[in-house]
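Coordinates from structure.cif are shown below (mmCIF, C-alpha atoms and all ligand atoms).
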```
data_model
#
loop_
_atom_site.label_atom_id
_atom_site.label_comp_id
_atom_site.auth_asym_id
_atom_site.auth_seq_id
_atom_site.Cartn_x
_atom_site.Cartn_y
_atom_site.Cartn_z
CA MET A 510 85.16 73.88 79.92
CA GLU A 511 86.59 74.65 83.36
CA LYS A 512 84.24 76.42 85.76
CA THR A 513 84.50 80.21 86.13
CA PRO A 514 81.88 80.99 88.79
CA LEU A 515 82.69 84.65 89.30
CA TYR A 516 83.32 85.58 85.66
CA THR A 517 80.13 83.76 84.68
CA ALA A 518 78.05 85.51 87.38
CA LEU A 519 79.33 88.93 86.31
CA ARG A 520 78.62 88.21 82.64
CA GLU A 521 75.12 86.99 83.39
CA PHE A 522 74.38 90.09 85.44
CA THR A 523 75.77 92.32 82.65
CA ALA A 524 73.51 90.54 80.16
CA GLN A 525 70.49 91.73 82.17
CA ASN A 526 71.40 95.30 81.15
CA PRO A 527 71.20 96.64 84.72
CA LEU A 528 70.85 100.41 85.11
CA ARG A 529 73.91 101.00 87.26
CA MET A 530 73.07 103.67 89.81
CA HIS A 531 76.09 102.70 91.90
CA MET A 532 79.88 102.72 91.80
CA PRO A 533 82.15 102.47 89.80
CA GLY A 534 81.65 105.74 87.95
CA HIS A 535 82.33 104.25 84.51
CA LYS A 536 78.95 102.41 84.70
CA GLY A 537 80.37 99.59 82.62
CA ARG A 538 80.97 101.87 79.61
CA PRO A 539 84.39 101.74 77.88
CA LEU A 540 87.23 103.54 79.65
CA PRO A 541 88.55 106.44 77.53
CA ALA A 542 91.59 104.77 75.91
CA PRO A 543 91.58 101.90 73.44
CA GLU A 544 93.85 99.69 75.56
CA LEU A 545 91.62 100.14 78.62
CA ALA A 546 88.22 100.04 76.95
CA GLY A 547 87.27 96.48 77.86
CA LEU A 548 88.24 96.63 81.54
CA SER A 549 85.01 98.22 82.73
CA ALA A 550 82.35 95.87 81.31
CA ILE A 551 82.41 93.45 84.25
CA ASP A 552 83.83 95.82 86.86
CA PHE A 553 81.12 96.13 89.51
CA THR A 554 80.58 96.92 93.15
CA GLU A 555 79.11 94.79 95.95
CA LEU A 556 75.54 93.88 94.96
CA PRO A 557 73.53 90.72 95.62
CA PRO A 558 74.32 89.27 92.15
CA THR A 559 78.04 90.15 92.34
CA GLY A 560 78.81 89.19 95.95
CA ASN A 561 81.12 90.69 98.53
CA LEU A 562 84.76 89.63 98.90
CA PHE A 563 84.95 90.32 102.60
CA ASP A 564 81.54 88.83 103.49
CA GLY A 565 82.49 85.50 101.93
CA GLY A 566 80.38 83.02 99.97
CA GLY A 567 78.66 83.65 96.62
CA ALA A 568 80.42 83.53 93.29
CA ILE A 569 83.62 85.01 94.72
CA GLY A 570 83.73 82.33 97.43
CA ALA A 571 83.17 79.61 94.82
CA ALA A 572 86.02 80.96 92.68
CA GLU A 573 88.31 81.15 95.71
CA ALA A 574 87.49 77.55 96.69
CA LEU A 575 88.56 76.35 93.24
CA TRP A 576 91.92 78.09 93.70
CA ALA A 577 92.36 76.49 97.13
CA GLU A 578 91.91 73.10 95.41
CA VAL A 579 94.66 73.91 92.91
CA PHE A 580 97.07 74.51 95.79
CA ARG A 581 95.74 71.56 97.85
CA LEU A 582 94.99 73.88 100.73
CA LYS A 583 91.73 74.45 102.66
CA SER A 584 90.88 78.04 101.78
CA CYS A 585 91.81 81.00 99.65
CA LEU A 586 91.18 84.75 99.76
CA PHE A 587 91.48 86.89 96.64
CA LEU A 588 93.87 89.81 97.11
CA THR A 589 93.76 92.97 95.01
CA GLY A 590 96.74 94.54 96.76
CA GLY A 591 99.38 92.06 95.68
CA SER A 592 101.37 89.72 97.90
CA THR A 593 102.13 92.86 99.91
CA GLN A 594 98.55 92.73 101.24
CA GLY A 595 98.88 88.96 101.71
CA VAL A 596 102.13 89.07 103.72
CA LEU A 597 100.67 91.76 105.99
CA ALA A 598 97.50 89.68 106.48
CA ALA A 599 99.35 86.39 106.95
CA LEU A 600 101.63 87.75 109.65
CA THR A 601 98.63 89.37 111.34
CA LEU A 602 97.00 85.93 111.46
CA ALA A 603 100.11 84.05 112.57
CA CYS A 604 101.64 86.44 115.10
CA PRO A 605 99.89 88.06 118.05
CA PRO A 606 100.97 91.73 118.35
CA GLY A 607 104.19 92.03 120.30
CA SER A 608 105.20 88.39 119.79
CA GLN A 609 108.46 86.97 118.50
CA VAL A 610 108.70 85.66 114.93
CA LEU A 611 111.41 83.64 113.24
CA LEU A 612 111.94 85.58 110.04
CA ASP A 613 113.92 84.69 106.95
CA ARG A 614 116.29 87.63 106.80
CA SER A 615 115.70 87.89 103.07
CA CYS A 616 111.97 88.59 103.46
CA HIS A 617 110.27 91.25 101.37
CA LEU A 618 109.74 94.80 102.64
CA SER A 619 106.11 93.93 103.40
CA ALA A 620 107.27 91.53 106.14
CA PHE A 621 109.31 94.33 107.73
CA HIS A 622 106.25 96.59 107.53
CA ALA A 623 104.14 93.87 109.19
CA MET A 624 106.71 93.67 111.98
CA ALA A 625 106.43 97.41 112.53
CA LEU A 626 102.61 97.46 112.42
CA LEU A 627 102.28 94.46 114.75
CA ASP A 628 105.26 95.43 116.92
CA LEU A 629 106.81 91.99 116.31
CA ARG A 630 110.21 91.04 117.69
CA PRO A 631 112.21 89.39 114.90
CA VAL A 632 114.58 86.51 115.41
CA TYR A 633 116.42 86.56 112.11
CA LEU A 634 117.03 83.35 110.26
CA PRO A 635 120.23 83.35 108.19
CA ARG A 636 120.44 81.37 104.95
CA PRO A 637 123.53 79.44 103.84
CA TRP A 638 125.58 81.17 101.16
CA LEU A 639 126.07 79.31 97.86
CA ALA A 640 129.46 80.70 96.84
CA GLU A 641 129.55 79.34 93.29
CA GLY A 642 126.05 80.52 92.39
CA GLY A 643 126.57 83.73 94.37
CA VAL A 644 123.11 83.54 96.00
CA ALA A 645 121.56 82.64 99.35
CA GLY A 646 120.59 78.96 99.54
CA PRO A 647 117.50 77.17 100.89
CA VAL A 648 116.43 77.74 104.49
CA SER A 649 118.11 75.11 106.67
CA THR A 650 115.85 73.00 108.85
CA GLU A 651 118.71 72.49 111.32
CA THR A 652 119.18 76.25 111.72
CA VAL A 653 115.45 76.66 112.37
CA GLU A 654 115.55 73.91 114.97
CA ALA A 655 118.57 75.46 116.68
CA LEU A 656 116.94 78.90 116.80
CA LEU A 657 113.74 77.44 118.22
CA GLU A 658 115.81 75.83 121.00
CA THR A 659 117.24 79.20 121.99
CA HIS A 660 113.95 81.09 121.43
CA PRO A 661 111.27 78.73 122.77
CA ASN A 662 108.54 81.41 122.67
CA VAL A 663 108.65 81.65 118.87
CA LYS A 664 105.47 80.18 117.37
CA ALA A 665 105.71 81.42 113.77
CA LEU A 666 108.28 80.97 111.03
CA CYS A 667 108.03 83.18 107.93
CA ILE A 668 110.16 82.38 104.89
CA THR A 669 110.30 83.19 101.19
CA SER A 670 110.15 80.29 98.71
CA PRO A 671 111.06 80.52 95.90
CA THR A 672 113.42 83.47 96.22
CA TYR A 673 113.81 86.03 93.45
CA TYR A 674 116.64 83.84 92.13
CA GLY A 675 114.33 80.79 92.11
CA VAL A 676 115.72 78.95 95.16
CA LEU A 677 113.14 76.65 96.81
CA SER A 678 113.14 75.51 100.45
CA ASP A 679 111.89 72.21 101.87
CA LEU A 680 108.49 73.29 103.16
CA PRO A 681 107.23 69.91 104.48
CA ALA A 682 110.38 69.55 106.62
CA LEU A 683 110.11 73.14 107.91
CA ALA A 684 106.38 72.74 108.62
CA ALA A 685 107.07 69.54 110.57
CA VAL A 686 109.62 71.34 112.75
CA MET A 687 107.15 74.15 113.50
CA HIS A 688 104.19 71.83 114.10
CA ARG A 689 106.16 69.72 116.59
CA ARG A 690 106.36 72.87 118.73
CA GLY A 691 102.79 73.99 118.17
CA GLY A 692 103.91 76.70 115.75
CA VAL A 693 103.00 77.62 112.18
CA LEU A 694 104.80 78.04 108.85
CA VAL A 695 104.03 81.16 106.79
CA VAL A 696 105.41 81.12 103.25
CA ASP A 697 105.84 84.16 101.06
CA GLY A 698 105.44 82.41 97.70
CA ALA A 699 105.03 85.65 95.75
CA HIS A 700 107.16 84.16 92.96
CA GLY A 701 105.57 80.69 93.03
CA ALA A 702 101.94 81.04 91.84
CA HIS A 703 102.69 78.90 88.77
CA LEU A 704 104.30 75.95 90.58
CA PRO A 705 101.13 73.81 90.92
CA PHE A 706 100.60 74.05 87.17
CA LEU A 707 104.00 72.38 86.73
CA GLY A 708 102.66 69.47 88.76
CA MET A 709 104.51 70.56 91.91
CA ASP A 710 102.90 70.27 95.33
CA ALA A 711 104.06 73.76 96.08
CA TYR A 712 102.51 75.00 99.32
CA SER A 713 100.25 72.31 100.78
CA ALA A 714 102.57 71.91 103.80
CA ALA A 715 102.28 75.61 104.71
CA ASP A 716 99.79 76.90 107.27
CA LEU A 717 99.58 80.19 105.37
CA ALA A 718 100.94 80.95 101.91
CA VAL A 719 100.83 84.05 99.74
CA VAL A 720 101.30 84.00 95.96
CA SER A 721 101.30 86.82 93.40
CA ALA A 722 99.25 85.59 90.43
CA HIS A 723 100.42 88.66 88.54
CA LYS A 724 104.12 87.79 88.81
CA THR A 725 104.15 84.46 86.97
CA LEU A 726 100.62 83.81 85.62
CA PRO A 727 98.50 85.53 82.98
CA ALA A 728 96.82 87.83 85.52
CA PRO A 729 96.78 91.63 85.95
CA GLY A 730 99.15 93.60 88.20
CA GLN A 731 98.36 93.36 91.95
CA SER A 732 96.25 90.18 91.68
CA ALA A 733 97.33 87.68 94.33
CA LEU A 734 96.05 84.96 96.67
CA LEU A 735 96.22 84.28 100.40
CA LEU A 736 95.96 80.52 101.01
CA ALA A 737 95.49 78.66 104.28
CA GLY A 738 95.47 75.15 105.71
CA ALA A 739 93.03 73.80 108.29
CA GLY A 740 94.36 76.00 111.11
CA PHE A 741 92.87 79.25 109.77
CA SER A 742 89.20 79.69 108.82
CA HIS A 743 88.09 81.55 105.72
CA GLY A 744 86.45 84.09 108.03
CA ALA A 745 89.82 84.74 109.68
CA LEU A 746 91.45 85.29 106.27
CA ARG A 747 88.73 87.76 105.32
CA ARG A 748 89.04 89.71 108.58
CA ALA A 749 92.83 90.00 108.24
CA GLY A 750 92.74 90.67 104.47
CA ARG A 751 90.29 93.57 104.79
CA ILE A 752 92.54 95.41 107.27
CA TYR A 753 95.07 95.93 104.48
CA GLY A 754 92.85 95.88 101.38
CA SER A 755 90.57 98.35 99.66
CA SER A 756 86.89 98.25 100.61
CA SER A 757 86.27 98.48 96.84
CA PRO A 758 88.27 95.50 95.53
CA SER A 759 88.38 95.40 91.74
CA TYR A 760 85.87 92.98 90.24
CA ALA A 761 87.81 93.03 86.97
CA MET A 762 90.86 91.81 88.88
CA MET A 763 88.93 89.14 90.79
CA ALA A 764 87.26 87.93 87.57
CA ALA A 765 90.71 87.81 85.98
CA LEU A 766 91.89 85.54 88.82
CA ASP A 767 88.89 83.28 88.20
CA VAL A 768 89.52 83.08 84.44
CA CYS A 769 93.26 82.68 84.97
CA ARG A 770 92.75 79.46 86.95
CA ALA A 771 90.46 77.99 84.29
CA HIS A 772 92.87 78.95 81.53
CA MET A 773 95.81 77.41 83.36
CA LEU A 774 93.97 74.12 83.82
CA GLU A 775 92.82 74.06 80.21
CA GLU A 776 95.96 75.01 78.30
CA GLY A 777 98.27 77.15 80.44
CA ALA A 778 99.73 74.17 82.30
CA ALA A 779 100.95 72.53 79.08
CA ALA A 780 102.42 75.86 77.96
CA TYR A 781 104.18 76.15 81.33
CA ARG A 782 105.69 72.69 80.92
CA ARG A 783 107.03 73.73 77.52
CA THR A 784 108.51 76.84 79.14
CA ALA A 785 110.22 74.70 81.79
CA GLU A 786 111.76 72.60 78.98
CA ALA A 787 112.94 75.74 77.16
CA VAL A 788 114.50 77.06 80.38
CA ALA A 789 116.22 73.71 81.03
CA ALA A 790 117.77 73.95 77.55
CA LEU A 791 118.91 77.54 78.15
CA ARG A 792 120.43 76.54 81.50
CA ARG A 793 122.40 73.84 79.67
CA ASP A 794 123.63 76.23 76.97
CA PHE A 795 124.38 79.38 78.99
CA PRO A 796 125.99 79.96 82.42
CA ALA A 797 123.09 79.88 84.87
CA LEU A 798 122.00 78.64 88.28
CA THR A 799 121.02 74.97 88.06
CA ASP A 800 119.48 72.39 90.38
CA GLY A 801 123.04 71.35 91.25
CA ASP A 802 123.36 74.65 93.14
CA ALA A 803 120.02 74.38 94.98
CA PRO A 804 116.48 73.12 94.32
CA LEU A 805 115.10 75.63 91.83
CA ASP A 806 111.84 76.79 90.32
CA PRO A 807 112.11 75.05 86.93
CA THR A 808 111.18 78.23 85.05
CA ARG A 809 113.27 80.91 86.74
CA LEU A 810 116.34 81.73 84.64
CA THR A 811 119.11 83.21 86.78
CA LEU A 812 122.03 83.84 84.44
CA LEU A 813 125.56 84.19 85.80
CA SER A 814 127.82 86.97 84.60
CA PRO A 815 131.13 88.53 85.65
CA ASP A 816 129.32 91.85 85.07
CA GLY A 817 125.60 91.45 85.66
CA PHE A 818 124.74 95.11 85.05
CA GLY A 819 126.75 95.09 81.79
CA ALA A 820 124.96 91.93 80.63
CA GLN A 821 121.61 93.50 81.50
CA ALA A 822 122.49 96.62 79.48
CA ALA A 823 123.58 94.48 76.51
CA LEU A 824 120.27 92.61 76.58
CA GLU A 825 118.29 95.83 76.85
CA ARG A 826 120.10 97.23 73.81
CA LEU A 827 118.73 94.20 71.95
CA GLY A 828 115.22 94.87 73.22
CA VAL A 829 115.24 92.12 75.88
CA TRP A 830 114.24 93.51 79.29
CA PRO A 831 115.25 91.39 82.31
CA GLU A 832 113.42 91.41 85.64
CA LEU A 833 116.49 92.18 87.72
CA ALA A 834 120.28 92.40 87.57
CA ASP A 835 122.98 92.59 90.20
CA ARG A 836 126.74 92.52 90.02
CA GLY A 837 126.85 88.83 89.15
CA HIS A 838 123.42 87.83 87.81
CA VAL A 839 120.67 88.67 85.37
CA VAL A 840 117.30 87.27 86.42
CA LEU A 841 114.66 86.51 83.76
CA ILE A 842 111.07 85.43 84.39
CA PRO A 843 109.89 83.25 81.50
CA THR A 844 106.23 82.20 81.86
CA CYS A 845 103.57 80.26 79.95
CA ALA A 846 102.95 83.41 77.91
CA ASP A 847 106.36 83.21 76.21
CA THR A 848 106.24 81.60 72.78
CA PRO A 849 108.85 79.48 70.92
CA ALA A 850 109.62 82.63 68.89
CA ASP A 851 110.27 84.54 72.13
CA PHE A 852 112.70 81.85 73.29
CA ALA A 853 114.49 81.88 69.91
CA ARG A 854 114.87 85.66 70.19
CA LEU A 855 116.09 85.36 73.78
CA ARG A 856 118.64 82.73 72.78
CA ARG A 857 120.07 85.03 70.07
CA ALA A 858 120.31 87.91 72.55
CA LEU A 859 121.97 85.76 75.25
CA ALA A 860 124.67 84.79 72.76
CA ALA A 861 125.58 88.50 72.57
CA ALA A 862 125.67 89.15 76.34
CA GLU A 863 128.77 88.58 78.46
CA LEU A 864 127.86 85.58 80.59
CA GLY A 865 130.20 83.46 82.72
CA PRO A 866 131.13 82.79 86.35
CA CYS A 867 129.87 85.48 88.71
CA PRO A 868 132.36 87.44 90.80
CA ALA A 869 133.10 86.15 94.30
CA PHE A 870 131.13 88.05 96.92
CA PRO A 871 132.46 88.21 100.45
CA PRO A 872 129.85 86.89 102.92
CA PRO A 873 127.98 89.67 104.77
CA PRO A 874 129.23 90.47 108.29
CA GLU A 875 127.31 89.21 111.33
CA PRO A 876 124.02 91.13 111.76
CA PRO A 877 124.57 94.32 113.73
CA GLU A 878 123.17 95.26 117.14
CA GLN A 879 119.36 95.67 117.23
CA ALA A 880 119.09 99.11 118.84
CA LEU A 881 115.38 99.74 118.21
CA THR A 882 112.45 97.47 117.45
CA PRO A 883 111.29 97.50 113.80
CA ARG A 884 108.21 99.46 114.96
CA GLN A 885 110.27 102.12 116.74
CA ALA A 886 112.61 102.39 113.74
CA LEU A 887 109.92 102.59 111.06
CA PHE A 888 107.66 105.08 112.81
CA ALA A 889 110.37 107.38 114.16
CA PRO A 890 111.16 110.57 112.21
CA ALA A 891 113.84 109.64 109.68
CA GLU A 892 116.11 111.36 107.23
CA GLU A 893 118.32 110.32 104.33
CA ARG A 894 122.07 110.22 104.78
CA PRO A 895 124.91 109.07 102.56
CA LEU A 896 125.97 105.68 103.85
CA ARG A 897 129.50 106.87 104.54
CA GLY A 898 128.32 109.44 107.08
CA ALA A 899 125.90 107.08 108.82
CA GLU A 900 128.20 105.21 111.19
CA GLY A 901 126.56 104.74 114.59
CA GLU A 902 123.09 105.70 113.27
CA ILE A 903 120.09 103.36 113.28
CA ALA A 904 118.58 102.13 110.01
CA ALA A 905 114.92 102.99 109.47
CA ASP A 906 114.64 100.77 106.37
CA PRO A 907 116.45 97.59 105.34
CA ILE A 908 119.78 98.14 103.59
CA ALA A 909 119.70 95.23 101.19
CA PRO A 910 122.12 95.00 98.29
CA TYR A 911 121.59 92.37 95.57
CA PRO A 912 122.99 89.79 95.99
CA PRO A 913 122.20 88.41 98.41
CA GLY A 914 119.00 90.48 98.59
CA VAL A 915 119.27 89.92 102.31
CA PRO A 916 119.37 93.07 104.43
CA VAL A 917 122.90 93.66 105.63
CA VAL A 918 121.22 96.04 108.06
CA ALA A 919 117.57 95.52 109.07
CA PRO A 920 115.28 98.28 110.41
CA GLY A 921 116.27 99.19 113.95
CA GLU A 922 119.83 97.86 113.61
CA ARG A 923 122.83 100.08 114.16
CA ILE A 924 125.00 100.91 111.14
CA GLU A 925 128.48 99.83 112.15
CA LYS A 926 131.90 100.65 110.72
CA LYS A 927 132.42 97.08 109.52
CA THR A 928 129.03 97.13 107.80
CA ILE A 929 129.88 100.29 105.87
CA ALA A 930 133.25 98.77 104.92
CA TYR A 931 131.49 95.64 103.64
CA LEU A 932 128.91 97.62 101.66
CA GLU A 933 131.67 99.72 100.09
CA GLU A 934 133.64 96.58 99.23
CA ILE A 935 130.69 95.17 97.27
CA GLY A 936 130.07 98.50 95.57
CA TYR A 937 126.93 99.54 97.45
CA ASN A 938 127.10 103.20 98.35
CA ARG A 939 123.53 104.44 98.22
CA VAL A 940 122.04 106.84 100.71
CA CYS A 941 120.17 105.22 103.57
CA ARG A 942 117.30 106.35 105.77
CA ILE A 943 118.21 106.63 109.39
CA SER A 944 115.94 106.97 112.35
CA SER A 945 116.51 109.93 114.62
CA ARG A 946 115.09 108.15 117.68
CA GLY A 947 117.62 106.74 120.09
CA ASN A 948 120.58 108.77 118.82
C1 LIG B 1001 109.39 87.80 97.79
C2 LIG B 1001 108.36 88.86 97.56
N1 LIG B 1001 107.31 88.92 98.39
C3 LIG B 1001 106.33 89.83 98.24
C4 LIG B 1001 106.38 90.74 97.22
C5 LIG B 1001 105.26 91.73 97.07
O1 LIG B 1001 104.47 91.32 96.00
P1 LIG B 1001 103.44 92.26 95.25
O2 LIG B 1001 104.24 93.08 94.30
O3 LIG B 1001 102.52 91.28 94.58
O4 LIG B 1001 102.73 93.06 96.27
C6 LIG B 1001 107.46 90.73 96.32
C7 LIG B 1001 107.54 91.71 95.23
O5 LIG B 1001 108.44 91.73 94.45
C8 LIG B 1001 108.48 89.76 96.49
O6 LIG B 1001 109.54 89.70 95.66
#
```
What would you get if you wrote out this structure as structure tokens?
Amino acid sequence: MEKTPLYTALREFTAQNPLRMHMPGHKGRPLPAPELAGLSAIDFTELPPTGNLFDGGGAIGAAEALWAEVFRLKSCLFLTGGSTQGVLAALTLACPPGSQVLLDRSCHLSAFHAMALLDLRPVYLPRPWLAEGGVAGPVSTETVEALLETHPNVKALCITSPTYYGVLSDLPALAAVMHRRGGVLVVDGAHGAHLPFLGMDAYSAADLAVVSAHKTLPAPGQSALLLAGAGFSHGALRRAGRIYGSSSPSYAMMAALDVCRAHMLEEGAAAYRRTAEAVAALRRDFPALTDGDAPLDPTRLTLLSPDGFGAQAALERLGVWPELADRGHVVLIPTCADTPADFARLRRALAAAELGPCPAFPPPPEPPEQALTPRQALFAPAEERPLRGAEGEIAADPIAPYPPGVPVVAPGERIEKKTIAYLEEIGYNRVCRISSRGN
């Protein structure tokens, strides 16, 4: 049996039949709906037998240390606010307020929020465009090196790997580039929590990495991990994590993270390998991104279609619900929880969906002028405008059509005529939020 220090401690305490004169209000009694009933039994608050996430040590610390081992990193902090909390904390650790950061332009909204909160100055890192697959490719080490030459003050690089479409970047090479200049590599691995269980050395090269257990592992919504190498102490992770987390982190969620790791080591890893084989077979039999396009997460299934939204609708009519669709792709997230029967059902449904080469997307125009910092843009009063009437205004939020999922306009950038023309050409005509400062 794999160790489950936190789950075991909570069970042992429950077995003592404590009279709970403390939070949470359910007192360990069943929540009032059959599906929720069991959640409360080991849901506690900070007590000597249950430990304290942000004080460190105890059963929670032991459970975190076992997760750090899985990822071959030095320390781990449990997150109950998803990778969102982790990205905010990681950038807080890596970037002094007001500093410059080299940021993968396709980063998640949480990275843009971190920039605003910390008043960071982004140097955006473009990704190469893979025309045939219709997605952004891996981060190029050469591009990072060139940007560091022109921006010598940058000491942190933040990238996403894998992307939503499953594209992986070469983290050891990127870490080496950063370390040569005394900098650090921060990886948003929200979609990569399962990679070590496929035998992949996923994030050990990173200085800080964030993974969403809930996205690809049998773990509840919002459960995630912040992982660190030798450069950041566990105390530093706790101090940064608590800025953005609840002071009442869910014990049920933390226990679920503990049990999830044990389950993955006992039987989940073998199930994940079977899933990777099933996905490889589907990639052979249906039009999809493959490792020939870019190094990929072996379990992410990015299907190609001349009409991604139509293919998504066809699948949904058959009761198959994809994670995401865009004009040329349907993205599915198979995990270790999918059974052979699920894959047989998926295969039948895919045969009925219109799959094939994705339409050609024109490359996005050069990034527009940065008129305001992300902080000025995000915290200024803002209003919604139809895109067509927004020429000359400043974006308060990223305008990021899929694909490439990369903001065509980032917060603080001016919305130019050519940008609107591009967005209209690719069929993106949503309203946008514009900042009223600086107009
Ligand atoms: C790349 C990436 N990073 C971070 C996040 C935020 O993760 P969470 O939903 O766990 O807060 C997401 C969510 O989709 C994501 O796609």
Selection within 9 Å of ligand LIG 1001 (chain B) by only C-alpha atoms and all ligand atoms, output as a VMD selection string
chain A and resid 589 to 596 615 to 620 668 to 673 697 to 700 719 to 724 730 to 733
Kindly indicate which residue among A:Asp794, A:Ala714, A:Ile569, A:Ser759 lies nearest to Phe553 in chain A, using all atoms listed in the file for the distances.
A:Ser759
With 6 Å as the threshold, what does the neighbourhood of (127.5, 84.4, 79.1) contain in terms of residues, counting all atoms listed in the file? Coordinates are those of the file; answer as a CSV table (one decimal) with C-alpha atoms, in the coordinates of the input.
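What follows is the written file out_12.csv:
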```
chain,number,residue,atom,x,y,z
A,795,PHE,CA,124.4,79.4,79.0
A,796,PRO,CA,126.0,80.0,82.4
A,862,ALA,CA,125.7,89.2,76.3
A,863,GLU,CA,128.8,88.6,78.5
A,864,LEU,CA,127.9,85.6,80.6
A,865,GLY,CA,130.2,83.5,82.7
```
Which residues are near range 830-835 of chain A? Cut-off 7 Å, all atoms listed in the file, ignore same chain within fewer than 2 positions. Put them as an MDAnalysis selection string.
chainID A and resid 817:818 821 824:825 828 837:842 911:912
Export, as a PDB file, keeping the file's coordinate frame, the selected residues with C-alpha atoms.
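Below you can see out-v9.pdb, which holds the result:
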```pdb
ATOM      1  CA  GLY A 817     125.600  91.450  85.660  1.00  0.00           C
ATOM      2  CA  PHE A 818     124.740  95.110  85.050  1.00  0.00           C
ATOM      3  CA  GLN A 821     121.610  93.500  81.500  1.00  0.00           C
ATOM      4  CA  LEU A 824     120.270  92.610  76.580  1.00  0.00           C
ATOM      5  CA  GLU A 825     118.290  95.830  76.850  1.00  0.00           C
ATOM      6  CA  GLY A 828     115.220  94.870  73.220  1.00  0.00           C
ATOM      7  CA  GLY A 837     126.850  88.830  89.150  1.00  0.00           C
ATOM      8  CA  HIS A 838     123.420  87.830  87.810  1.00  0.00           C
ATOM      9  CA  VAL A 839     120.670  88.670  85.370  1.00  0.00           C
ATOM     10  CA  VAL A 840     117.300  87.270  86.420  1.00  0.00           C
ATOM     11  CA  LEU A 841     114.660  86.510  83.760  1.00  0.00           C
ATOM     12  CA  ILE A 842     111.070  85.430  84.390  1.00  0.00           C
ATOM     13  CA  TYR A 911     121.590  92.370  95.570  1.00  0.00           C
ATOM     14  CA  PRO A 912     122.990  89.790  95.990  1.00  0.00           C
TER      15      PRO A 912
END
```
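One distance worth recording is that between CA of Leu810 in chain A and CA of Val768 in chain A, which is 26.9 Å.
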Of A:Arg826, A:Arg809, A:Arg748, A:Arg770, the one sitting nearest Val676 in chain A when using all atoms listed in the file is A:Arg809
For range 692-803 of chain A against range 599-614 of chain A, with a cut-off of 12 Å and counting all atoms listed in the file, what is the closest atom pair and its distance in Å to one decimal for every residue that makes the cut, ordered by chain and number, as JSON lines?
```
{"residue": "A:Gly692", "atom": "CA", "partner": "A:Ala603", "partner_atom": "CA", "distance": 8.9}
{"residue": "A:Val693", "atom": "CA", "partner": "A:Ala603", "partner_atom": "CA", "distance": 7.1}
{"residue": "A:Leu694", "atom": "CA", "partner": "A:Ala603", "partner_atom": "CA", "distance": 8.5}
{"residue": "A:Val695", "atom": "CA", "partner": "A:Ala599", "partner_atom": "CA", "distance": 7.0}
{"residue": "A:Val696", "atom": "CA", "partner": "A:Ala599", "partner_atom": "CA", "distance": 8.8}
{"residue": "A:Asp697", "atom": "CA", "partner": "A:Ala599", "partner_atom": "CA", "distance": 9.0}
{"residue": "A:Gly698", "atom": "CA", "partner": "A:Ala599", "partner_atom": "CA", "distance": 11.8}
{"residue": "A:Ala715", "atom": "CA", "partner": "A:Ala599", "partner_atom": "CA", "distance": 11.4}
{"residue": "A:Asp716", "atom": "CA", "partner": "A:Ala603", "partner_atom": "CA", "distance": 8.9}
{"residue": "A:Leu717", "atom": "CA", "partner": "A:Ala599", "partner_atom": "CA", "distance": 6.4}
{"residue": "A:Ala718", "atom": "CA", "partner": "A:Ala599", "partner_atom": "CA", "distance": 7.6}
{"residue": "A:Val719", "atom": "CA", "partner": "A:Ala599", "partner_atom": "CA", "distance": 7.7}
{"residue": "A:Val720", "atom": "CA", "partner": "A:Ala599", "partner_atom": "CA", "distance": 11.4}
{"residue": "A:Leu734", "atom": "CA", "partner": "A:Ala599", "partner_atom": "CA", "distance": 10.9}
{"residue": "A:Leu735", "atom": "CA", "partner": "A:Ala599", "partner_atom": "CA", "distance": 7.6}
{"residue": "A:Leu736", "atom": "CA", "partner": "A:Ala599", "partner_atom": "CA", "distance": 9.0}
{"residue": "A:Ala737", "atom": "CA", "partner": "A:Ala599", "partner_atom": "CA", "distance": 9.0}
{"residue": "A:Gly738", "atom": "CA", "partner": "A:Ala599", "partner_atom": "CA", "distance": 12.0}
{"residue": "A:Gly740", "atom": "CA", "partner": "A:Ala603", "partner_atom": "CA", "distance": 10.0}
{"residue": "A:Phe741", "atom": "CA", "partner": "A:Leu602", "partner_atom": "CA", "distance": 8.0}
{"residue": "A:Ser742", "atom": "CA", "partner": "A:Leu602", "partner_atom": "CA", "distance": 10.3}
{"residue": "A:His743", "atom": "CA", "partner": "A:Leu602", "partner_atom": "CA", "distance": 11.5}
{"residue": "A:Gly744", "atom": "CA", "partner": "A:Leu602", "partner_atom": "CA", "distance": 11.2}
{"residue": "A:Ala745", "atom": "CA", "partner": "A:Leu602", "partner_atom": "CA", "distance": 7.5}
{"residue": "A:Leu746", "atom": "CA", "partner": "A:Leu602", "partner_atom": "CA", "distance": 7.6}
{"residue": "A:Arg747", "atom": "CA", "partner": "A:Leu602", "partner_atom": "CA", "distance": 10.5}
{"residue": "A:Arg748", "atom": "CA", "partner": "A:Leu602", "partner_atom": "CA", "distance": 9.3}
{"residue": "A:Ala749", "atom": "CA", "partner": "A:Thr601", "partner_atom": "CA", "distance": 6.6}
{"residue": "A:Gly750", "atom": "CA", "partner": "A:Ala599", "partner_atom": "CA", "distance": 8.3}
{"residue": "A:Arg751", "atom": "CA", "partner": "A:Thr601", "partner_atom": "CA", "distance": 11.4}
{"residue": "A:Ile752", "atom": "CA", "partner": "A:Thr601", "partner_atom": "CA", "distance": 9.5}
{"residue": "A:Tyr753", "atom": "CA", "partner": "A:Thr601", "partner_atom": "CA", "distance": 10.1}
```
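Separating CA of Asp851 in chain A from CA of Ala546 in chain A is a distance of 27.4 Å.
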